[in-house]
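Engineer: Contents of my_file.cif (mmCIF, C-alpha atoms) are below:
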```cif
data_target
loop_
_atom_site.label_atom_id
_atom_site.label_comp_id
_atom_site.auth_asym_id
_atom_site.auth_seq_id
_atom_site.Cartn_x
_atom_site.Cartn_y
_atom_site.Cartn_z
CA MET N 17 -26.70 -59.80 83.85
CA ILE N 18 -28.14 -56.53 85.22
CA GLN N 19 -31.10 -58.43 86.69
CA LYS N 20 -28.70 -60.87 88.41
CA LEU N 21 -26.66 -58.00 89.78
CA GLY N 22 -29.83 -56.29 90.98
CA SER N 23 -31.11 -59.36 92.82
CA PHE N 24 -27.64 -59.90 94.35
CA VAL N 25 -27.57 -56.30 95.62
CA ILE N 26 -31.08 -56.59 97.06
CA SER N 27 -30.43 -59.89 98.83
CA HIS N 28 -27.12 -58.51 100.15
CA ILE N 29 -28.84 -55.40 101.48
CA GLN N 30 -31.64 -57.42 103.02
CA TYR N 31 -29.14 -59.29 105.15
CA TRP N 32 -26.23 -56.87 105.57
CA GLY N 33 -28.08 -53.56 105.16
CA LYS N 34 -28.17 -52.87 108.89
CA ALA N 35 -24.41 -53.42 109.19
CA TRP N 36 -23.67 -51.02 106.31
CA PHE N 37 -26.08 -48.48 107.72
CA GLY N 38 -24.45 -48.79 111.16
CA LEU N 39 -20.93 -48.50 109.79
CA ILE N 40 -21.49 -45.60 107.40
CA PHE N 41 -24.50 -43.67 108.73
CA ILE N 42 -24.26 -44.12 112.50
CA GLY N 43 -20.45 -44.19 112.30
CA SER N 44 -20.37 -40.85 110.45
CA VAL N 45 -22.73 -39.28 112.98
CA PHE N 46 -20.69 -40.63 115.94
CA ASN N 47 -17.52 -39.37 114.27
CA GLU N 48 -18.97 -35.88 113.81
CA LEU N 49 -20.33 -35.76 117.36
CA SER N 50 -16.98 -36.86 118.78
CA LYS N 51 -15.35 -33.82 117.14
CA HIS N 52 -17.68 -31.58 119.14
CA SER N 53 -16.60 -33.11 122.47
CA ILE N 54 -13.28 -31.96 123.93
CA TYR N 55 -12.93 -35.23 125.84
CA LEU N 56 -13.74 -37.53 122.88
CA ALA N 57 -11.68 -35.49 120.42
CA SER N 58 -8.59 -36.06 122.60
CA ILE N 59 -8.86 -39.87 122.31
CA PRO N 60 -6.39 -41.31 119.75
CA HIS N 61 -7.95 -42.79 116.59
CA ILE N 62 -11.40 -41.52 117.63
CA SER N 63 -12.68 -41.72 114.03
CA LEU N 64 -11.83 -45.41 113.92
CA TRP N 65 -13.63 -45.99 117.23
CA SER N 66 -16.64 -43.99 116.02
CA PHE N 67 -17.06 -46.07 112.87
CA ALA N 68 -16.41 -49.28 114.83
CA ALA N 69 -19.13 -48.28 117.31
CA GLY N 70 -21.53 -47.59 114.41
CA ALA N 71 -20.78 -50.97 112.83
CA THR N 72 -21.28 -52.67 116.21
CA VAL N 73 -24.74 -51.09 116.53
CA GLY N 74 -25.52 -52.42 113.04
CA PHE N 75 -24.33 -55.94 113.83
CA VAL N 76 -26.35 -55.96 117.07
CA ALA N 77 -29.41 -54.94 115.01
CA ILE N 78 -28.79 -57.85 112.61
CA TYR N 79 -28.46 -60.24 115.57
CA ARG N 80 -31.67 -58.91 117.16
CA GLY N 81 -33.51 -58.73 113.82
CA LYS N 82 -34.63 -55.16 114.57
CA TRP N 83 -33.19 -51.77 115.46
CA ILE N 84 -35.33 -50.88 118.46
CA MET U 23 -71.54 -59.55 97.26
CA ASN U 24 -74.78 -57.56 97.32
CA VAL U 25 -74.01 -54.32 99.19
CA ASP U 26 -77.70 -53.31 99.15
CA GLN U 27 -78.91 -56.23 101.23
CA ASP U 28 -81.38 -55.05 103.95
CA ILE U 29 -81.08 -51.42 102.79
CA SER U 30 -84.00 -49.37 101.52
CA ALA U 31 -83.87 -48.07 97.95
CA GLU U 32 -83.54 -44.54 99.36
CA PHE U 33 -80.03 -45.38 100.60
CA SER U 34 -78.92 -47.71 97.81
CA PHE U 35 -75.30 -48.03 96.78
CA ALA U 36 -76.11 -46.55 93.36
CA LYS U 37 -77.42 -43.34 95.01
CA GLU U 38 -74.47 -43.23 97.40
CA LYS U 39 -72.08 -43.58 94.48
CA ALA U 40 -73.82 -40.84 92.51
CA ILE U 41 -73.42 -38.41 95.44
CA ALA U 42 -69.78 -39.40 95.89
CA LYS U 43 -69.16 -38.76 92.19
CA ASN U 44 -70.20 -35.13 92.64
CA PHE U 45 -67.33 -34.69 95.09
CA SER U 46 -64.83 -36.56 92.90
CA GLN U 47 -64.41 -34.11 90.08
CA ARG U 48 -62.71 -30.93 91.34
CA PHE U 49 -59.09 -30.27 90.38
CA GLN U 50 -57.16 -30.28 93.66
CA TRP U 51 -54.75 -27.42 93.13
CA GLU U 52 -54.24 -26.88 96.87
CA MET U 53 -52.95 -30.43 97.34
CA ILE U 54 -50.48 -29.98 94.46
CA LEU U 55 -49.30 -26.75 96.07
CA LEU U 56 -48.87 -28.55 99.39
CA GLY U 57 -46.90 -31.43 97.85
CA LEU U 58 -44.57 -29.46 95.60
CA GLY U 59 -44.32 -26.65 98.15
CA GLN U 60 -43.15 -28.80 101.04
CA ALA U 61 -40.63 -30.61 98.79
CA THR U 62 -39.24 -27.25 97.60
CA VAL U 63 -38.94 -25.96 101.16
CA TRP U 64 -37.27 -29.20 102.24
CA LEU U 65 -34.74 -29.11 99.37
CA SER U 66 -33.96 -25.44 100.07
CA LEU U 67 -33.12 -26.33 103.68
CA TRP U 68 -29.93 -28.08 102.54
CA PRO U 69 -28.02 -25.02 101.28
CA LEU U 70 -29.55 -22.89 104.03
CA VAL U 71 -28.22 -25.21 106.74
CA ILE U 72 -24.91 -26.13 105.09
CA TYR U 73 -24.02 -22.45 104.52
CA GLU U 74 -25.23 -21.69 108.07
CA LEU U 75 -27.87 -19.23 106.91
CA ILE U 76 -30.28 -20.85 109.36
CA PRO U 77 -29.39 -22.90 112.48
CA LEU U 78 -29.54 -26.68 112.25
CA TRP U 79 -32.24 -26.94 114.92
CA ALA U 80 -34.51 -24.63 112.89
CA GLY U 81 -33.81 -26.73 109.79
CA PHE U 82 -34.73 -29.86 111.72
CA PHE U 83 -38.02 -28.34 112.89
CA ILE U 84 -39.00 -27.17 109.37
CA ALA U 85 -37.91 -30.47 107.79
CA SER U 86 -40.02 -32.43 110.29
CA LEU U 87 -43.06 -30.30 109.42
CA CYS U 88 -42.41 -30.88 105.71
CA ALA U 89 -42.16 -34.63 106.31
CA CYS U 90 -45.52 -34.64 108.09
CA PHE U 91 -47.08 -32.92 105.06
CA ALA U 92 -45.32 -35.19 102.54
CA TYR U 93 -47.55 -38.24 102.31
CA LEU U 94 -51.03 -36.76 101.73
CA PRO U 95 -50.36 -35.16 98.28
CA SER U 96 -48.75 -38.42 97.14
CA HIS U 97 -51.74 -40.34 98.49
CA GLU U 98 -54.07 -38.37 96.20
CA ALA U 99 -51.72 -39.14 93.30
CA GLN U 100 -51.77 -42.84 94.18
CA HIS U 101 -55.54 -42.78 93.64
CA GLY U 102 -55.18 -40.83 90.39
CA ASN U 103 -57.11 -37.94 91.94
CA TYR U 104 -55.22 -35.28 89.97
CA SER U 105 -55.65 -36.82 86.52
CA ARG U 106 -59.20 -38.06 87.24
CA GLY U 107 -58.92 -40.67 84.49
CA ASN U 108 -57.64 -38.20 81.91
CA PRO U 109 -54.53 -39.78 80.30
CA LYS U 110 -53.23 -36.31 79.35
CA ARG U 111 -53.08 -35.36 83.03
CA LYS U 112 -51.44 -38.58 84.24
CA TRP U 113 -48.13 -36.72 84.43
CA ILE U 114 -49.50 -34.63 87.31
CA ASP U 115 -50.08 -37.79 89.37
CA GLN U 116 -46.52 -38.88 88.60
CA LEU U 117 -44.94 -35.49 89.24
CA VAL U 118 -46.67 -34.83 92.56
CA GLY U 119 -46.50 -38.46 93.70
CA HIS U 120 -42.73 -38.75 93.16
CA THR U 121 -41.69 -35.25 94.21
CA THR U 122 -43.56 -35.03 97.49
CA LEU U 123 -42.17 -38.37 98.71
CA ILE U 124 -38.53 -37.25 98.41
CA THR U 125 -38.93 -35.89 101.95
CA LEU U 126 -39.94 -39.34 103.25
CA ILE U 127 -37.21 -41.11 101.21
CA ILE U 128 -39.68 -43.73 99.97
CA PRO U 129 -40.36 -44.50 96.28
CA TYR U 130 -43.79 -43.51 94.96
CA GLU U 131 -44.35 -46.70 92.94
CA ILE U 132 -43.87 -48.93 95.98
CA LEU U 133 -46.25 -46.88 98.11
CA ARG U 134 -48.79 -46.66 95.28
CA VAL U 135 -48.95 -50.37 94.58
CA THR U 136 -48.97 -51.40 98.26
CA HIS U 137 -51.62 -48.79 99.08
CA MET U 138 -53.90 -50.20 96.38
CA LYS U 139 -53.57 -53.57 98.10
CA HIS U 140 -54.42 -51.94 101.43
CA HIS U 141 -57.69 -50.74 99.88
CA ALA U 142 -58.42 -54.08 98.22
CA TYR U 143 -57.72 -56.16 101.34
CA THR U 144 -58.25 -53.80 104.28
CA ASN U 145 -57.74 -55.63 107.61
CA ASP U 146 -56.86 -58.94 105.95
CA PRO U 147 -54.06 -60.33 108.19
CA ASP U 148 -52.07 -61.74 105.26
CA LYS U 149 -52.77 -59.32 102.43
CA ASP U 150 -53.25 -55.89 104.01
CA VAL U 151 -49.86 -54.13 104.03
CA ASP U 152 -50.99 -51.95 106.95
CA PHE U 153 -52.31 -54.80 109.07
CA GLU U 154 -49.22 -54.90 111.26
CA ILE U 155 -49.70 -51.23 112.17
CA LYS U 156 -53.42 -51.63 112.77
CA GLU U 157 -52.73 -54.45 115.24
CA ARG U 158 -50.40 -52.37 117.48
CA LYS U 159 -51.73 -52.00 121.01
CA SER U 160 -50.74 -48.36 121.55
CA ALA U 161 -49.65 -45.21 119.72
CA PHE U 162 -46.21 -45.64 121.27
CA GLU U 163 -45.93 -49.10 119.69
CA VAL U 164 -46.80 -47.64 116.27
CA ILE U 165 -44.11 -44.96 116.64
CA ARG U 166 -41.55 -47.52 117.80
CA LYS U 167 -42.28 -49.82 114.84
CA SER U 168 -42.11 -46.88 112.42
CA PHE U 169 -38.73 -45.82 113.73
CA ASP U 170 -37.54 -49.40 113.55
CA GLY U 171 -38.35 -49.41 109.83
CA THR U 172 -40.24 -52.71 109.84
CA THR U 173 -43.60 -51.14 108.94
CA THR U 174 -42.26 -49.74 105.66
CA ASP U 175 -40.38 -52.90 104.69
CA TYR U 176 -42.83 -54.10 102.05
CA THR U 177 -40.49 -56.60 100.41
CA ARG U 178 -42.21 -59.51 102.16
CA TYR U 179 -45.35 -58.74 100.09
CA LEU U 180 -43.44 -59.75 96.95
CA GLU U 181 -44.10 -63.33 98.08
CA VAL U 182 -47.72 -62.69 99.08
CA TYR U 183 -48.52 -61.19 95.66
CA ALA U 184 -46.11 -63.36 93.65
CA ASP U 185 -49.00 -64.32 91.33
CA ASP U 186 -49.91 -60.71 90.59
CA PRO U 187 -47.67 -59.49 87.73
CA ALA U 188 -49.02 -55.91 87.94
CA PHE U 189 -47.97 -55.72 91.60
CA ILE U 190 -44.56 -57.28 91.00
CA ASN U 191 -43.83 -55.02 88.00
CA ALA U 192 -44.82 -51.83 89.81
CA PHE U 193 -42.87 -52.87 92.92
CA ASN U 194 -39.77 -53.70 90.87
CA LYS U 195 -40.10 -50.32 89.15
CA GLY U 196 -39.73 -48.67 92.56
CA LEU U 197 -36.77 -50.76 93.76
CA PRO U 198 -33.99 -48.93 91.83
CA LEU U 199 -35.19 -45.64 93.31
CA GLN U 200 -35.18 -47.19 96.77
CA LEU U 201 -31.58 -48.31 96.24
CA PHE U 202 -30.72 -44.82 94.99
CA TYR U 203 -32.28 -43.23 98.08
CA ARG U 204 -30.27 -45.52 100.37
CA ALA U 205 -27.04 -44.89 98.50
CA ALA U 206 -27.66 -41.12 98.47
CA LEU U 207 -28.28 -41.16 102.21
CA LEU U 208 -25.01 -42.98 102.88
CA ILE U 209 -23.03 -40.66 100.62
CA LEU U 210 -24.61 -37.51 102.08
CA VAL U 211 -24.03 -38.59 105.67
CA TYR U 212 -20.31 -39.03 105.02
CA PHE U 213 -19.92 -35.44 103.80
CA PHE U 214 -22.66 -33.73 105.87
CA PRO U 215 -23.27 -35.95 108.92
CA LEU U 216 -25.46 -33.76 111.12
CA PRO U 217 -27.50 -32.11 108.32
CA THR U 218 -28.21 -35.57 106.88
CA LEU U 219 -29.29 -36.80 110.30
CA LEU U 220 -31.43 -33.79 111.18
CA ILE U 221 -32.71 -32.58 107.81
CA CYS U 222 -33.19 -35.90 106.11
CA TRP U 223 -33.21 -39.09 108.16
CA LEU U 224 -34.84 -38.11 111.46
CA PRO U 225 -37.57 -35.90 109.87
CA ALA U 226 -38.36 -38.76 107.45
CA LYS U 227 -38.78 -41.09 110.43
CA ILE U 228 -40.97 -38.53 112.22
CA GLY U 229 -43.06 -38.02 109.06
CA THR U 230 -43.46 -41.77 108.58
CA ALA U 231 -44.47 -42.31 112.21
CA TYR U 232 -46.95 -39.41 111.98
CA THR U 233 -48.44 -40.83 108.78
CA GLN U 234 -48.73 -44.36 110.05
CA LEU U 235 -50.24 -43.20 113.31
CA PHE U 236 -52.92 -40.99 111.81
CA PHE U 237 -53.53 -42.71 108.45
CA SER U 238 -53.16 -46.36 109.34
CA TRP U 239 -53.60 -46.87 113.08
CA TYR U 240 -56.28 -44.53 114.39
CA PRO U 241 -58.79 -44.98 111.53
CA HIS U 242 -58.52 -48.79 111.44
CA GLN U 243 -57.98 -49.57 115.11
CA GLY U 244 -60.46 -52.22 116.33
CA THR U 245 -62.24 -52.50 112.97
CA SER U 246 -63.07 -55.65 111.01
CA ILE U 247 -63.44 -56.70 107.38
CA GLY U 248 -66.12 -55.30 105.07
CA ARG U 249 -66.86 -52.16 103.09
CA TYR U 250 -68.76 -50.43 105.92
CA ASN U 251 -66.78 -51.95 108.78
CA ASN U 252 -63.09 -51.69 107.87
CA THR U 253 -62.61 -48.04 108.90
CA ARG U 254 -64.13 -45.94 111.66
CA PHE U 255 -64.90 -42.39 112.66
CA TRP U 256 -62.80 -41.53 115.67
CA SER U 257 -62.26 -38.69 118.12
CA HIS U 258 -59.08 -36.93 119.08
CA TRP U 259 -58.14 -33.91 121.16
CA MET U 260 -56.34 -32.42 118.15
CA PRO U 261 -58.15 -30.06 115.78
CA ARG U 262 -58.63 -32.09 112.62
CA TYR U 263 -56.20 -30.04 110.53
CA ILE U 264 -53.33 -31.27 112.72
CA ASN U 265 -54.14 -34.91 112.03
CA HIS U 266 -54.86 -34.26 108.32
CA SER U 267 -58.61 -34.73 108.94
CA MET U 268 -58.03 -38.45 109.27
CA GLN U 269 -61.03 -38.60 111.61
CA LEU U 270 -62.91 -38.58 108.29
CA HIS U 271 -60.79 -41.34 106.73
CA PHE U 272 -63.85 -43.60 106.63
CA VAL U 273 -65.31 -41.79 103.63
CA HIS U 274 -61.99 -42.13 101.79
CA HIS U 275 -62.19 -45.92 102.07
CA LEU U 276 -65.76 -45.80 100.85
CA HIS U 277 -65.04 -43.55 97.87
CA PRO U 278 -61.28 -42.99 97.29
CA GLY U 279 -61.99 -40.66 94.38
CA ILE U 280 -63.37 -37.93 96.65
CA GLY U 281 -60.78 -35.16 96.92
CA HIS U 282 -59.28 -34.83 100.39
CA PHE U 283 -60.48 -31.27 100.95
CA ASP U 284 -63.96 -32.18 99.73
CA GLU U 285 -64.41 -35.01 102.23
CA PRO U 286 -66.15 -32.91 104.94
CA LYS U 287 -68.88 -31.78 102.51
CA ALA U 288 -69.19 -35.33 101.18
CA ILE U 289 -69.67 -36.69 104.68
CA GLU U 290 -72.34 -34.11 105.48
CA THR U 291 -74.27 -35.24 102.40
CA LEU U 292 -73.63 -38.95 102.89
CA LYS U 293 -74.43 -39.00 106.62
CA PRO U 294 -77.97 -40.46 106.23
CA PHE U 295 -76.54 -43.25 104.06
CA LEU U 296 -73.89 -44.07 106.64
CA VAL U 297 -76.39 -44.07 109.51
CA ALA U 298 -78.66 -46.37 107.50
CA ARG U 299 -75.72 -48.74 106.99
CA GLY U 300 -74.99 -48.74 110.73
CA VAL U 301 -71.45 -47.38 110.33
CA PRO U 302 -69.85 -47.10 113.80
CA GLY U 303 -69.88 -43.47 114.97
CA ALA U 304 -71.88 -42.23 111.97
CA ASP U 305 -74.82 -41.12 114.12
CA GLN U 306 -72.46 -38.76 115.97
CA ILE U 307 -71.37 -36.91 112.82
CA PRO U 308 -72.56 -33.32 113.18
CA ASP U 309 -74.77 -31.86 110.45
CA ARG U 310 -72.04 -29.39 109.65
CA ILE U 311 -68.38 -30.42 109.70
CA THR U 312 -66.37 -27.78 111.49
CA PHE U 313 -62.89 -27.29 112.89
CA ASN U 314 -62.98 -30.47 114.89
CA PRO U 315 -66.29 -32.14 114.09
CA LEU U 316 -65.90 -35.38 115.94
CA ILE U 317 -64.40 -34.13 119.18
CA LYS U 318 -65.78 -35.57 122.39
CA PHE U 319 -65.33 -34.29 125.94
#
```
Would you write the structure of this file as structure tokens?

Structural biologist:
Amino acid sequence: MIQKLGSFVISHIQYWGKAWFGLIFIGSVFNELSKHSIYLASIPHISLWSFAAGATVGFVAIYRGKWI
Amino acid sequence: MNVDQDISAEFSFAKEKAIAKNFSQRFQWEMILLGLGQATVWLSLWPLVIYELIPLWAGFFIASLCACFAYLPSHEAQHGNYSRGNPKRKWIDQLVGHTTLITLIIPYEILRVTHMKHHAYTNDPDKDVDFEIKERKSAFEVIRKSFDGTTTDYTRYLEVYADDPAFINAFNKGLPLQLFYRAALLILVYFFPLPTLLICWLPAKIGTAYTQLFFSWYPHQGTSIGRYNNTRFWSHWMPRYINHSMQLHFVHHLHPGIGHFDEPKAIETLKPFLVARGVPGADQIPDRITFNPLIKF
């Protein structure tokens, strides 16, 4: 059971890892940076846009098969 | 394979090995200090930065330095160079190996088992885990690949070594820690976005790129397969302490048991053996290894 769960998690991460990393990691960094910009901070729902931008970077990386 | 073919008895492998053994016995306390020290400094950066006792940019600079020092102490542990075959001291290999790699966010077991394969199959296109780095055309390419994360994605070697249960077991032992590292990174970044980026993630990337450049690319660039041909002596404008003395990496591949800080002395003694074997660049090794022994102008 645990072994099955482990192999599911690993195969999931191998394919979707970049998207999760983009959404959570890059999204969190974008969100924090946007708070430091007067212009960005004034945009409605900026947190949502920040995380969406992070996820987009992740999906692009999956499509390209690499980050850079 | 007979390694003594066409070599006079004076420079036989048995004599070379006996000399190397003399340099493979000292307890490397300074490497332990380096490994545990950098990890302690790196961990202490978190409260210092979060409570704004030091600025984030200073934390980033110190964390990047720590990350550049992180691999070497673990590398000695991977070769069992702290325990030196003594089962009662095995815990030192484990302690230093695991702790020092926290800064690079890579599990010790995975690096240990893949590094052993690098030694066993150096420059083999299919089996050497560092072959992809060695084949890069420029230092910039190595850095780009390191930042991309593809050079530390060793999961594809699970297929290559599918018939090697020792490899698979050790690799699988490291996987839960890898998952933990990834999860920890994603949790930390949510609560402390910029410290996680600049104390953890970016320094780990810089440390990995530094390691792969100086450990994997420079010493193996343009080399072939074979005990005396798979690594080279090389020159660099940097004093050797800045590139972790990797200009001398050749002797490590020859005798991995030699302690890192004892390599210069070992090379001085082994020089006639290396010249006799026709090792590229061996004739240019100075009689006394100094600050930057292999520098060329």

Engineer: Which residues, named as in the file, does the PyMOL selection byres ((chain U) within 7 of (chain N)) pick out? Answer as a list in words.

Structural biologist: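 Given this file, the PyMOL selection byres ((chain U) within 7 of (chain N)) evaluates to Asp170, Leu208, Val211, Tyr212, Pro215 and Leu216 of chain U.
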
Engineer: In Å, how far is it from CA of Leu67 (chain U) to CA of Ala35 (chain N)?

Structural biologist: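 Taking CA of Leu67 (chain U) and CA of Ala35 (chain N), their separation equals 29.0 Å.
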
Engineer: If you apply the PyMOL selection byres ((chain U and resi 45-54) around 6) to this file, what residues do you get, as a list in words?

Structural biologist: Ala42, Lys43, Asn44, Leu55, Leu56, Gly57, Pro95, Gly279, Ile280 and Gly281 of chain U

Engineer: For those residues, write C-alpha atoms to a file as a tab-separated table (two decimals), in the coordinates of the input.

Structural biologist:
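Writing done, so here's again_18.tsv:
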```tsv
chain	number	residue	atom	x	y	z
U	42	ALA	CA	-69.78	-39.40	95.89
U	43	LYS	CA	-69.16	-38.76	92.19
U	44	ASN	CA	-70.20	-35.13	92.64
U	55	LEU	CA	-49.30	-26.75	96.07
U	56	LEU	CA	-48.87	-28.55	99.39
U	57	GLY	CA	-46.90	-31.43	97.85
U	95	PRO	CA	-50.36	-35.16	98.28
U	279	GLY	CA	-61.99	-40.66	94.38
U	280	ILE	CA	-63.37	-37.93	96.65
U	281	GLY	CA	-60.78	-35.16	96.92
```

Engineer: Which neighbours of Phe83 (chain U) fall inside 9 Å, counting all atoms listed in the file, when residues of the same chain fewer than 5 positions from it are skipped, and could you give them as a JSON list (two decimals) with C-alpha atoms, in the frame of the given file?

Structural biologist:
```json
[["chain", "number", "residue", "atom", "x", "y", "z"],
["U", 78, "LEU", "CA", -29.54, -26.68, 112.25],
["U", 88, "CYS", "CA", -42.41, -30.88, 105.71],
["U", 220, "LEU", "CA", -31.43, -33.79, 111.18],
["U", 221, "ILE", "CA", -32.71, -32.58, 107.81],
["U", 225, "PRO", "CA", -37.57, -35.90, 109.87]]
```

Engineer: Rounded to one decimal place, report the CA of Ile264 (chain U)-CA of Glu154 (chain U) distance in Å.

Structural biologist: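 Answer for the CA of Ile264 (chain U) to CA of Glu154 (chain U) separation: 24.0 Å.
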
Engineer: One decimal, Å: what's the distance from CA of Pro147 (chain U) over to CA of Tyr240 (chain U), could you say?

Structural biologist: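 Computed distance, CA of Pro147 (chain U) to CA of Tyr240 (chain U), equals 17.1 Å.
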
Engineer: Which residue is closest to Ala298 (chain U)? Choose from U:Trp64, U:Pro69, U:Ile29, U:Leu224 and count all atoms listed in the file.

Structural biologist: U:Ile29

Engineer: Compile the contact shell of Ile59 (chain N) as a ChimeraX atom specification: residues with an atom at most 10 Å away, counting only C-alpha atoms, same-chain residues fewer than 5 positions apart removed.

Structural biologist: /N:50,54,65

Engineer: Let's have the selection written as a CSV table (one decimal), keeping the file's coordinate frame, with C-alpha atoms.

Structural biologist:
```csv
chain,number,residue,atom,x,y,z
N,50,SER,CA,-17.0,-36.9,118.8
N,54,ILE,CA,-13.3,-32.0,123.9
N,65,TRP,CA,-13.6,-46.0,117.2
```

Engineer: Counting only C-alpha atoms, which of U:Ala142, U:Ala89, U:Glu181, U:Glu98 gets nearest to Lys227 (chain U)?

Structural biologist: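 Among the listed residues, the smallest separation from Lys227 (chain U) belongs to U:Ala89.
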
Engineer: Closest to Arg106 (chain U) among U:Trp259, U:Arg254, U:Pro278, U:Glu290, using all atoms listed in the file?

Structural biologist: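 Closest candidate: U:Pro278.
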
Engineer: Using all atoms listed in the file, can you tell me which of U:Leu65, U:Val164, U:Val135, U:Ala231 comes closest to Asp150 (chain U)?

Structural biologist: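 Of U:Leu65, U:Val164, U:Val135, U:Ala231, the one nearest Asp150 (chain U), counting all atoms listed in the file, is U:Val135.
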
Engineer: Just the residues within 9 Å of region 304-311 of chain U, please, counting all atoms listed in the file, with nothing from its chain fewer than 5 positions along; format it as a PyMOL selection string.

Structural biologist: chain U and resi 254-255+286-287+289-291+293-294+296-297+316

Engineer: Quick one: residues within 6 Å of region 74-76 of chain N, all atoms listed in the file, excluding same-chain residues fewer than 3 positions away - as JSON, numbers by chain?

Structural biologist: {"N": [34, 35, 38, 71, 79]}

Engineer: Would you put the residues from that selection into a file with C-alpha atoms, as a JSON list (two decimals), in the frame of the given file?

Structural biologist:
```json
[["chain", "number", "residue", "atom", "x", "y", "z"],
["N", 34, "LYS", "CA", -28.17, -52.87, 108.89],
["N", 35, "ALA", "CA", -24.41, -53.42, 109.19],
["N", 38, "GLY", "CA", -24.45, -48.79, 111.16],
["N", 71, "ALA", "CA", -20.78, -50.97, 112.83],
["N", 79, "TYR", "CA", -28.46, -60.24, 115.57]]
```

Engineer: Under the PyMOL selection byres ((chain U and resi 198) around 12), which residues of this model are included? Write them out as JSON, numbers by chain.

Structural biologist: {"N": [18, 19, 21, 22, 23, 25, 26], "U": [128, 129, 130, 131, 132, 192, 193, 194, 195, 196, 197, 199, 200, 201, 202, 203, 204, 205]}

Engineer: Is it possible to add N, CA and C atoms to region 56-72 of chain U and hand it back as a PDB file, in the frame of the given file?

Structural biologist:
```pdb
ATOM      1  N   LEU U  56     -49.384 -27.999  98.134  1.00  0.00           N
ATOM      2  CA  LEU U  56     -48.870 -28.550  99.390  1.00  0.00           C
ATOM      3  C   LEU U  56     -47.712 -29.520  99.121  1.00  0.00           C
ATOM      4  N   GLY U  57     -47.910 -30.412  98.144  1.00  0.00           N
ATOM      5  CA  GLY U  57     -46.900 -31.430  97.850  1.00  0.00           C
ATOM      6  C   GLY U  57     -45.618 -30.841  97.286  1.00  0.00           C
ATOM      7  N   LEU U  58     -45.765 -30.040  96.226  1.00  0.00           N
ATOM      8  CA  LEU U  58     -44.570 -29.460  95.600  1.00  0.00           C
ATOM      9  C   LEU U  58     -43.948 -28.402  96.496  1.00  0.00           C
ATOM     10  N   GLY U  59     -44.806 -27.704  97.247  1.00  0.00           N
ATOM     11  CA  GLY U  59     -44.320 -26.650  98.150  1.00  0.00           C
ATOM     12  C   GLY U  59     -43.450 -27.208  99.263  1.00  0.00           C
ATOM     13  N   GLN U  60     -43.935 -28.247  99.926  1.00  0.00           N
ATOM     14  CA  GLN U  60     -43.150 -28.800 101.040  1.00  0.00           C
ATOM     15  C   GLN U  60     -41.824 -29.396 100.538  1.00  0.00           C
ATOM     16  N   ALA U  61     -41.862 -30.015  99.343  1.00  0.00           N
ATOM     17  CA  ALA U  61     -40.630 -30.610  98.790  1.00  0.00           C
ATOM     18  C   ALA U  61     -39.617 -29.501  98.451  1.00  0.00           C
ATOM     19  N   THR U  62     -40.117 -28.378  97.933  1.00  0.00           N
ATOM     20  CA  THR U  62     -39.240 -27.250  97.600  1.00  0.00           C
ATOM     21  C   THR U  62     -38.616 -26.668  98.863  1.00  0.00           C
ATOM     22  N   VAL U  63     -39.446 -26.489  99.880  1.00  0.00           N
ATOM     23  CA  VAL U  63     -38.940 -25.960 101.160  1.00  0.00           C
ATOM     24  C   VAL U  63     -37.886 -26.905 101.719  1.00  0.00           C
ATOM     25  N   TRP U  64     -38.200 -28.207 101.688  1.00  0.00           N
ATOM     26  CA  TRP U  64     -37.270 -29.200 102.240  1.00  0.00           C
ATOM     27  C   TRP U  64     -35.934 -29.181 101.492  1.00  0.00           C
ATOM     28  N   LEU U  65     -35.988 -29.134 100.156  1.00  0.00           N
ATOM     29  CA  LEU U  65     -34.740 -29.110  99.370  1.00  0.00           C
ATOM     30  C   LEU U  65     -33.942 -27.833  99.648  1.00  0.00           C
ATOM     31  N   SER U  66     -34.661 -26.718  99.837  1.00  0.00           N
ATOM     32  CA  SER U  66     -33.960 -25.440 100.070  1.00  0.00           C
ATOM     33  C   SER U  66     -33.286 -25.414 101.447  1.00  0.00           C
ATOM     34  N   LEU U  67     -33.724 -26.299 102.343  1.00  0.00           N
ATOM     35  CA  LEU U  67     -33.120 -26.330 103.680  1.00  0.00           C
ATOM     36  C   LEU U  67     -31.644 -26.738 103.620  1.00  0.00           C
ATOM     37  N   TRP U  68     -31.307 -27.577 102.628  1.00  0.00           N
ATOM     38  CA  TRP U  68     -29.930 -28.080 102.540  1.00  0.00           C
ATOM     39  C   TRP U  68     -28.901 -26.958 102.408  1.00  0.00           C
ATOM     40  N   PRO U  69     -29.006 -26.117 101.358  1.00  0.00           N
ATOM     41  CA  PRO U  69     -28.020 -25.020 101.280  1.00  0.00           C
ATOM     42  C   PRO U  69     -28.136 -24.059 102.461  1.00  0.00           C
ATOM     43  N   LEU U  70     -29.363 -23.838 102.919  1.00  0.00           N
ATOM     44  CA  LEU U  70     -29.550 -22.890 104.030  1.00  0.00           C
ATOM     45  C   LEU U  70     -28.820 -23.367 105.288  1.00  0.00           C
ATOM     46  N   VAL U  71     -28.868 -24.657 105.540  1.00  0.00           N
ATOM     47  CA  VAL U  71     -28.220 -25.210 106.740  1.00  0.00           C
ATOM     48  C   VAL U  71     -26.716 -25.366 106.518  1.00  0.00           C
ATOM     49  N   ILE U  72     -26.335 -25.874 105.355  1.00  0.00           N
ATOM     50  CA  ILE U  72     -24.910 -26.130 105.090  1.00  0.00           C
ATOM     51  C   ILE U  72     -24.116 -24.814 105.088  1.00  0.00           C
TER      52      ILE U  72
END
```
